[in-house]
>>> print(open('target-v7.csv').read())   # CSV, N, CA and C atoms
chain,number,residue,atom,x,y,z
X,1,MET,N,3.7,-27.9,3.5
X,1,MET,CA,4.4,-26.7,3.2
X,1,MET,C,3.8,-26.0,2.0
X,2,GLU,N,3.2,-26.8,1.1
X,2,GLU,CA,2.7,-26.1,-0.1
X,2,GLU,C,1.5,-25.2,0.3
X,3,MET,N,0.7,-25.6,1.3
X,3,MET,CA,-0.4,-24.8,1.7
X,3,MET,C,0.1,-23.5,2.3
X,4,VAL,N,1.1,-23.6,3.1
X,4,VAL,CA,1.7,-22.4,3.7
X,4,VAL,C,2.2,-21.4,2.7
X,5,ALA,N,2.8,-21.9,1.7
X,5,ALA,CA,3.3,-21.0,0.6
X,5,ALA,C,2.1,-20.4,-0.2
X,6,ALA,N,1.0,-21.1,-0.4
X,6,ALA,CA,-0.2,-20.6,-1.0
X,6,ALA,C,-0.8,-19.5,-0.2
X,7,ILE,N,-0.9,-19.7,1.1
X,7,ILE,CA,-1.5,-18.7,2.1
X,7,ILE,C,-0.6,-17.5,2.1
X,8,THR,N,0.7,-17.7,2.2
X,8,THR,CA,1.6,-16.5,2.2
X,8,THR,C,1.5,-15.7,0.9
X,9,LYS,N,1.4,-16.4,-0.2
X,9,LYS,CA,1.2,-15.7,-1.5
X,9,LYS,C,-0.1,-14.9,-1.5
X,10,LEU,N,-1.2,-15.5,-1.0
X,10,LEU,CA,-2.5,-14.9,-1.0
X,10,LEU,C,-2.5,-13.7,-0.1
X,11,ILE,N,-1.9,-13.8,1.1
X,11,ILE,CA,-1.8,-12.6,2.0
X,11,ILE,C,-1.0,-11.5,1.4
X,12,SER,N,0.1,-11.9,0.7
X,12,SER,CA,1.0,-10.9,0.1
X,12,SER,C,0.2,-10.1,-1.0
X,13,ASN,N,-0.6,-10.9,-1.8
X,13,ASN,CA,-1.4,-10.2,-2.9
X,13,ASN,C,-2.5,-9.3,-2.3
X,14,VAL,N,-3.1,-9.7,-1.3
X,14,VAL,CA,-4.2,-8.9,-0.7
X,14,VAL,C,-3.6,-7.7,-0.1
X,15,VAL,N,-2.5,-7.8,0.6
X,15,VAL,CA,-1.9,-6.6,1.2
X,15,VAL,C,-1.3,-5.7,0.2
X,16,THR,N,-0.8,-6.2,-0.9
X,16,THR,CA,-0.3,-5.4,-2.0
X,16,THR,C,-1.5,-4.6,-2.6
X,17,PHE,N,-2.6,-5.3,-2.8
X,17,PHE,CA,-3.8,-4.6,-3.4
X,17,PHE,C,-4.3,-3.5,-2.4
X,18,ALA,N,-4.3,-3.7,-1.1
X,18,ALA,CA,-4.7,-2.7,-0.2
X,18,ALA,C,-3.7,-1.5,-0.2
X,19,GLY,N,-2.4,-1.8,-0.3
X,19,GLY,CA,-1.5,-0.7,-0.4
X,19,GLY,C,-1.6,0.1,-1.7
X,20,GLY,N,-2.0,-0.6,-2.8
X,20,GLY,CA,-2.2,0.1,-4.0
X,20,GLY,C,-3.5,1.0,-3.9
X,21,LEU,N,-4.5,0.5,-3.2
X,21,LEU,CA,-5.7,1.4,-3.0
X,21,LEU,C,-5.4,2.6,-2.2
X,22,LEU,N,-4.6,2.4,-1.1
X,22,LEU,CA,-4.1,3.6,-0.3
X,22,LEU,C,-3.3,4.5,-1.1
X,23,LEU,N,-2.4,4.0,-2.0
X,23,LEU,CA,-1.6,4.9,-2.8
X,23,LEU,C,-2.5,5.7,-3.8
X,24,LEU,N,-3.4,5.0,-4.4
X,24,LEU,CA,-4.4,5.7,-5.3
X,24,LEU,C,-5.2,6.7,-4.6
X,25,PHE,N,-5.7,6.4,-3.4
X,25,PHE,CA,-6.5,7.4,-2.6
X,25,PHE,C,-5.6,8.6,-2.2
X,26,GLY,N,-4.4,8.3,-1.9
X,26,GLY,CA,-3.5,9.4,-1.5
X,26,GLY,C,-3.2,10.3,-2.7
X,27,ALA,N,-3.0,9.7,-3.9
X,27,ALA,CA,-2.8,10.5,-5.1
X,27,ALA,C,-3.9,11.4,-5.4
X,28,VAL,N,-5.2,10.9,-5.3
X,28,VAL,CA,-6.4,11.7,-5.6
X,28,VAL,C,-6.5,12.8,-4.6
X,29,THR,N,-6.3,12.4,-3.3
X,29,THR,CA,-6.3,13.5,-2.2
X,29,THR,C,-5.3,14.6,-2.5
X,30,LEU,N,-4.1,14.2,-2.8
X,30,LEU,CA,-3.0,15.1,-3.0
X,30,LEU,C,-3.4,16.0,-4.2
X,31,GLY,N,-3.9,15.4,-5.3
X,31,GLY,CA,-4.2,16.2,-6.5
X,31,GLY,C,-5.3,17.2,-6.3
X,32,THR,N,-6.4,16.8,-5.6
X,32,THR,CA,-7.5,17.7,-5.4
X,32,THR,C,-7.1,18.8,-4.4
X,33,ASN,N,-6.3,18.5,-3.4
X,33,ASN,CA,-5.9,19.5,-2.5
X,33,ASN,C,-4.8,20.5,-3.0
X,34,LEU,N,-4.0,20.0,-4.0
X,34,LEU,CA,-3.1,20.9,-4.7
X,34,LEU,C,-3.9,21.9,-5.5
X,35,LYS,N,-4.9,21.4,-6.1
X,35,LYS,CA,-5.8,22.3,-6.9
X,35,LYS,C,-6.4,23.4,-6.1
X,36,ASP,N,-6.8,23.0,-4.8
X,36,ASP,CA,-7.5,24.0,-3.9
X,36,ASP,C,-6.5,24.8,-3.0
X,37,HIS,N,-5.2,24.5,-3.1
X,37,HIS,CA,-4.2,25.1,-2.3
X,37,HIS,C,-4.5,24.9,-0.8
X,38,ASN,N,-4.8,23.7,-0.5
X,38,ASN,CA,-5.1,23.3,0.9
X,38,ASN,C,-3.9,22.6,1.5
X,39,GLY,N,-3.2,23.3,2.4
X,39,GLY,CA,-2.0,22.8,2.9
X,39,GLY,C,-2.1,21.5,3.7
X,40,PRO,N,-3.0,21.4,4.7
X,40,PRO,CA,-3.2,20.2,5.5
X,40,PRO,C,-3.7,19.0,4.6
X,41,GLY,N,-4.5,19.3,3.6
X,41,GLY,CA,-4.9,18.2,2.7
X,41,GLY,C,-3.8,17.7,1.9
X,42,ILE,N,-2.9,18.6,1.4
X,42,ILE,CA,-1.8,18.2,0.7
X,42,ILE,C,-0.9,17.2,1.5
X,43,SER,N,-0.7,17.6,2.8
X,43,SER,CA,0.1,16.8,3.7
X,43,SER,C,-0.6,15.4,3.9
X,44,SER,N,-1.8,15.4,4.1
X,44,SER,CA,-2.6,14.2,4.3
X,44,SER,C,-2.4,13.3,3.1
X,45,GLY,N,-2.6,13.8,1.9
X,45,GLY,CA,-2.4,13.0,0.7
X,45,GLY,C,-1.0,12.5,0.5
X,46,ALA,N,0.0,13.3,0.8
X,46,ALA,CA,1.3,12.9,0.7
X,46,ALA,C,1.6,11.7,1.6
X,47,TRP,N,1.1,11.8,2.9
X,47,TRP,CA,1.4,10.8,3.9
X,47,TRP,C,0.6,9.5,3.5
X,48,ALA,N,-0.6,9.6,2.9
X,48,ALA,CA,-1.3,8.5,2.5
X,48,ALA,C,-0.5,7.8,1.4
X,49,MET,N,0.0,8.5,0.5
X,49,MET,CA,0.8,7.9,-0.6
X,49,MET,C,2.1,7.2,0.0
X,50,ALA,N,2.7,7.9,0.9
X,50,ALA,CA,3.9,7.3,1.5
X,50,ALA,C,3.5,6.0,2.3
X,51,GLY,N,2.4,6.0,2.9
X,51,GLY,CA,1.9,4.8,3.6
X,51,GLY,C,1.6,3.7,2.6
X,52,GLY,N,1.0,4.0,1.5
X,52,GLY,CA,0.7,3.0,0.5
X,52,GLY,C,2.0,2.4,-0.1
X,53,ILE,N,3.0,3.2,-0.3
X,53,ILE,CA,4.2,2.7,-0.9
X,53,ILE,C,4.9,1.8,0.2
X,54,LEU,N,4.9,2.2,1.4
X,54,LEU,CA,5.5,1.4,2.5
X,54,LEU,C,4.7,0.0,2.6
X,55,ILE,N,3.4,0.0,2.6
X,55,ILE,CA,2.7,-1.2,2.6
X,55,ILE,C,3.0,-2.1,1.5
X,56,ILE,N,3.1,-1.6,0.3
X,56,ILE,CA,3.4,-2.4,-0.9
X,56,ILE,C,4.8,-3.0,-0.8
X,57,ALA,N,5.8,-2.2,-0.2
X,57,ALA,CA,7.1,-2.7,-0.1
X,57,ALA,C,7.2,-3.8,0.9
X,58,VAL,N,6.5,-3.7,2.1
X,58,VAL,CA,6.4,-4.7,3.1
X,58,VAL,C,5.8,-6.0,2.5
X,59,ALA,N,4.7,-5.8,1.8
X,59,ALA,CA,4.0,-7.0,1.2
X,59,ALA,C,4.9,-7.7,0.2
X,60,ALA,N,5.7,-7.0,-0.6
X,60,ALA,CA,6.6,-7.6,-1.5
X,60,ALA,C,7.7,-8.4,-0.8
X,61,TYR,N,8.2,-7.8,0.3
X,61,TYR,CA,9.2,-8.5,1.2
X,61,TYR,C,8.6,-9.8,1.8
X,62,PHE,N,7.3,-9.6,2.3
X,62,PHE,CA,6.6,-10.8,2.9
X,62,PHE,C,6.5,-11.9,1.9
X,63,GLY,N,6.2,-11.5,0.7
X,63,GLY,CA,6.1,-12.6,-0.4
X,63,GLY,C,7.3,-13.3,-0.7
X,64,THR,N,8.5,-12.8,-0.3
X,64,THR,CA,9.7,-13.5,-0.6
X,64,THR,C,10.1,-14.4,0.5
X,65,LEU,N,9.5,-14.4,1.7
X,65,LEU,CA,9.8,-15.3,2.8
X,65,LEU,C,9.4,-16.7,2.5
X,66,THR,N,10.2,-17.6,2.9
X,66,THR,CA,10.0,-19.0,2.7
X,66,THR,C,10.0,-19.7,4.1
X,67,VAL,N,9.3,-20.9,4.2
X,67,VAL,CA,9.3,-21.7,5.4
X,67,VAL,C,10.1,-22.9,5.1
X,68,ALA,N,11.0,-23.1,6.0
X,68,ALA,CA,12.0,-24.3,5.8
X,68,ALA,C,11.4,-25.6,6.3
>>> encode(input="target-v7.csv", output="structure tokens")
Amino acid sequence: MEMVAAITKLISNVVTFAGGLLLLFGAVTLGTNLKDHNGPGISSGAWAMAGGILIIAVAAYFGTLTVA
């Protein structure tokens, strides 16, 4: 059981990191496209940020699961 908990924690950390990268990429995309007044790019950046936040939330939830 200890090994399963360690693997679960590792997966949760990796997925949280990936979500953070997507959030960061979305923020940069949003900022550069706001500066250029590019509507589709602004939308793309906002959706990337939303996806990153969702991935981080799911990873945090996954990290709370336990195996009986």
>>> closest_residue(input="target-v7.csv", among="X:Leu34, X:Ile42, X:Ala57, X:Ile7", to="Gly19 in chain X", atoms="only C-alpha atoms")
X:Ala57
>>> residues_around(input="target-v7.csv", residues="Leu30 in chain X", least_positions_apart="6", cutoff="6.5 Å", atoms="all atoms listed in the file", output="list in words")
Gly41, Ile42, Ser44, Gly45 and Ala46 of chain X
>>> closest_residue(input="target-v7.csv", among="X:Leu10, X:Ala68, X:Leu23, X:Val4", to="Gly51 in chain X", atoms="all atoms listed in the file")
X:Leu23
>>> atom_distance(input="target-v7.csv", atom1="atom N of Asn33 in chain X", atom2="atom N of Leu21 in chain X")
18.1 Å
>>> closest_residue(input="target-v7.csv", among="X:Gly63, X:Gly39, X:Gly52, X:Gly31", to="Ala18 in chain X", atoms="only C-alpha atoms")
X:Gly52
>>> atom_distance(input="target-v7.csv", atom1="CA of Val15 in chain X", atom2="CA of Val28 in chain X")
20.0 Å
>>> build_atoms(input="target-v7.csv", residues="range 10-35 of chain X", atoms="N, CA, C and O atoms", output="PDB file, in the coordinates of the input")
ATOM      1  N   LEU X  10      -1.200 -15.500  -1.000  1.00  0.00           N
ATOM      2  CA  LEU X  10      -2.500 -14.900  -1.000  1.00  0.00           C
ATOM      3  C   LEU X  10      -2.500 -13.700  -0.100  1.00  0.00           C
ATOM      4  O   LEU X  10      -2.957 -12.587  -0.474  1.00  0.00           O
ATOM      5  N   ILE X  11      -1.900 -13.800   1.100  1.00  0.00           N
ATOM      6  CA  ILE X  11      -1.800 -12.600   2.000  1.00  0.00           C
ATOM      7  C   ILE X  11      -1.000 -11.500   1.400  1.00  0.00           C
ATOM      8  O   ILE X  11      -1.340 -10.331   1.436  1.00  0.00           O
ATOM      9  N   SER X  12       0.100 -11.900   0.700  1.00  0.00           N
ATOM     10  CA  SER X  12       1.000 -10.900   0.100  1.00  0.00           C
ATOM     11  C   SER X  12       0.200 -10.100  -1.000  1.00  0.00           C
ATOM     12  O   SER X  12       0.278  -8.912  -1.148  1.00  0.00           O
ATOM     13  N   ASN X  13      -0.600 -10.900  -1.800  1.00  0.00           N
ATOM     14  CA  ASN X  13      -1.400 -10.200  -2.900  1.00  0.00           C
ATOM     15  C   ASN X  13      -2.500  -9.300  -2.300  1.00  0.00           C
ATOM     16  O   ASN X  13      -2.673  -8.236  -2.872  1.00  0.00           O
ATOM     17  N   VAL X  14      -3.100  -9.700  -1.300  1.00  0.00           N
ATOM     18  CA  VAL X  14      -4.200  -8.900  -0.700  1.00  0.00           C
ATOM     19  C   VAL X  14      -3.600  -7.700  -0.100  1.00  0.00           C
ATOM     20  O   VAL X  14      -4.164  -6.551  -0.279  1.00  0.00           O
ATOM     21  N   VAL X  15      -2.500  -7.800   0.600  1.00  0.00           N
ATOM     22  CA  VAL X  15      -1.900  -6.600   1.200  1.00  0.00           C
ATOM     23  C   VAL X  15      -1.300  -5.700   0.200  1.00  0.00           C
ATOM     24  O   VAL X  15      -1.445  -4.438   0.297  1.00  0.00           O
ATOM     25  N   THR X  16      -0.800  -6.200  -0.900  1.00  0.00           N
ATOM     26  CA  THR X  16      -0.300  -5.400  -2.000  1.00  0.00           C
ATOM     27  C   THR X  16      -1.500  -4.600  -2.600  1.00  0.00           C
ATOM     28  O   THR X  16      -1.347  -3.412  -2.934  1.00  0.00           O
ATOM     29  N   PHE X  17      -2.600  -5.300  -2.800  1.00  0.00           N
ATOM     30  CA  PHE X  17      -3.800  -4.600  -3.400  1.00  0.00           C
ATOM     31  C   PHE X  17      -4.300  -3.500  -2.400  1.00  0.00           C
ATOM     32  O   PHE X  17      -4.576  -2.382  -2.906  1.00  0.00           O
ATOM     33  N   ALA X  18      -4.300  -3.700  -1.100  1.00  0.00           N
ATOM     34  CA  ALA X  18      -4.700  -2.700  -0.200  1.00  0.00           C
ATOM     35  C   ALA X  18      -3.700  -1.500  -0.200  1.00  0.00           C
ATOM     36  O   ALA X  18      -4.160  -0.360  -0.134  1.00  0.00           O
ATOM     37  N   GLY X  19      -2.400  -1.800  -0.300  1.00  0.00           N
ATOM     38  CA  GLY X  19      -1.500  -0.700  -0.400  1.00  0.00           C
ATOM     39  C   GLY X  19      -1.600   0.100  -1.700  1.00  0.00           C
ATOM     40  O   GLY X  19      -1.500   1.315  -1.674  1.00  0.00           O
ATOM     41  N   GLY X  20      -2.000  -0.600  -2.800  1.00  0.00           N
ATOM     42  CA  GLY X  20      -2.200   0.100  -4.000  1.00  0.00           C
ATOM     43  C   GLY X  20      -3.500   1.000  -3.900  1.00  0.00           C
ATOM     44  O   GLY X  20      -3.481   2.134  -4.455  1.00  0.00           O
ATOM     45  N   LEU X  21      -4.500   0.500  -3.200  1.00  0.00           N
ATOM     46  CA  LEU X  21      -5.700   1.400  -3.000  1.00  0.00           C
ATOM     47  C   LEU X  21      -5.400   2.600  -2.200  1.00  0.00           C
ATOM     48  O   LEU X  21      -5.818   3.710  -2.490  1.00  0.00           O
ATOM     49  N   LEU X  22      -4.600   2.400  -1.100  1.00  0.00           N
ATOM     50  CA  LEU X  22      -4.100   3.600  -0.300  1.00  0.00           C
ATOM     51  C   LEU X  22      -3.300   4.500  -1.100  1.00  0.00           C
ATOM     52  O   LEU X  22      -3.460   5.759  -0.993  1.00  0.00           O
ATOM     53  N   LEU X  23      -2.400   4.000  -2.000  1.00  0.00           N
ATOM     54  CA  LEU X  23      -1.600   4.900  -2.800  1.00  0.00           C
ATOM     55  C   LEU X  23      -2.500   5.700  -3.800  1.00  0.00           C
ATOM     56  O   LEU X  23      -2.275   6.872  -3.965  1.00  0.00           O
ATOM     57  N   LEU X  24      -3.400   5.000  -4.400  1.00  0.00           N
ATOM     58  CA  LEU X  24      -4.400   5.700  -5.300  1.00  0.00           C
ATOM     59  C   LEU X  24      -5.200   6.700  -4.600  1.00  0.00           C
ATOM     60  O   LEU X  24      -5.351   7.867  -5.055  1.00  0.00           O
ATOM     61  N   PHE X  25      -5.700   6.400  -3.400  1.00  0.00           N
ATOM     62  CA  PHE X  25      -6.500   7.400  -2.600  1.00  0.00           C
ATOM     63  C   PHE X  25      -5.600   8.600  -2.200  1.00  0.00           C
ATOM     64  O   PHE X  25      -6.086   9.721  -2.302  1.00  0.00           O
ATOM     65  N   GLY X  26      -4.400   8.300  -1.900  1.00  0.00           N
ATOM     66  CA  GLY X  26      -3.500   9.400  -1.500  1.00  0.00           C
ATOM     67  C   GLY X  26      -3.200  10.300  -2.700  1.00  0.00           C
ATOM     68  O   GLY X  26      -3.114  11.540  -2.576  1.00  0.00           O
ATOM     69  N   ALA X  27      -3.000   9.700  -3.900  1.00  0.00           N
ATOM     70  CA  ALA X  27      -2.800  10.500  -5.100  1.00  0.00           C
ATOM     71  C   ALA X  27      -3.900  11.400  -5.400  1.00  0.00           C
ATOM     72  O   ALA X  27      -3.781  12.568  -5.788  1.00  0.00           O
ATOM     73  N   VAL X  28      -5.200  10.900  -5.300  1.00  0.00           N
ATOM     74  CA  VAL X  28      -6.400  11.700  -5.600  1.00  0.00           C
ATOM     75  C   VAL X  28      -6.500  12.800  -4.600  1.00  0.00           C
ATOM     76  O   VAL X  28      -6.784  13.918  -4.905  1.00  0.00           O
ATOM     77  N   THR X  29      -6.300  12.400  -3.300  1.00  0.00           N
ATOM     78  CA  THR X  29      -6.300  13.500  -2.200  1.00  0.00           C
ATOM     79  C   THR X  29      -5.300  14.600  -2.500  1.00  0.00           C
ATOM     80  O   THR X  29      -5.608  15.741  -2.330  1.00  0.00           O
ATOM     81  N   LEU X  30      -4.100  14.200  -2.800  1.00  0.00           N
ATOM     82  CA  LEU X  30      -3.000  15.100  -3.000  1.00  0.00           C
ATOM     83  C   LEU X  30      -3.400  16.000  -4.200  1.00  0.00           C
ATOM     84  O   LEU X  30      -3.259  17.245  -4.145  1.00  0.00           O
ATOM     85  N   GLY X  31      -3.900  15.400  -5.300  1.00  0.00           N
ATOM     86  CA  GLY X  31      -4.200  16.200  -6.500  1.00  0.00           C
ATOM     87  C   GLY X  31      -5.300  17.200  -6.300  1.00  0.00           C
ATOM     88  O   GLY X  31      -5.226  18.359  -6.666  1.00  0.00           O
ATOM     89  N   THR X  32      -6.400  16.800  -5.600  1.00  0.00           N
ATOM     90  CA  THR X  32      -7.500  17.700  -5.400  1.00  0.00           C
ATOM     91  C   THR X  32      -7.100  18.800  -4.400  1.00  0.00           C
ATOM     92  O   THR X  32      -7.558  19.940  -4.561  1.00  0.00           O
ATOM     93  N   ASN X  33      -6.300  18.500  -3.400  1.00  0.00           N
ATOM     94  CA  ASN X  33      -5.900  19.500  -2.500  1.00  0.00           C
ATOM     95  C   ASN X  33      -4.800  20.500  -3.000  1.00  0.00           C
ATOM     96  O   ASN X  33      -4.712  21.609  -2.618  1.00  0.00           O
ATOM     97  N   LEU X  34      -4.000  20.000  -4.000  1.00  0.00           N
ATOM     98  CA  LEU X  34      -3.100  20.900  -4.700  1.00  0.00           C
ATOM     99  C   LEU X  34      -3.900  21.900  -5.500  1.00  0.00           C
ATOM    100  O   LEU X  34      -3.491  23.087  -5.548  1.00  0.00           O
ATOM    101  N   LYS X  35      -4.900  21.400  -6.100  1.00  0.00           N
ATOM    102  CA  LYS X  35      -5.800  22.300  -6.900  1.00  0.00           C
ATOM    103  C   LYS X  35      -6.400  23.400  -6.100  1.00  0.00           C
ATOM    104  O   LYS X  35      -6.494  24.588  -6.462  1.00  0.00           O
TER     105      LYS X  35
END
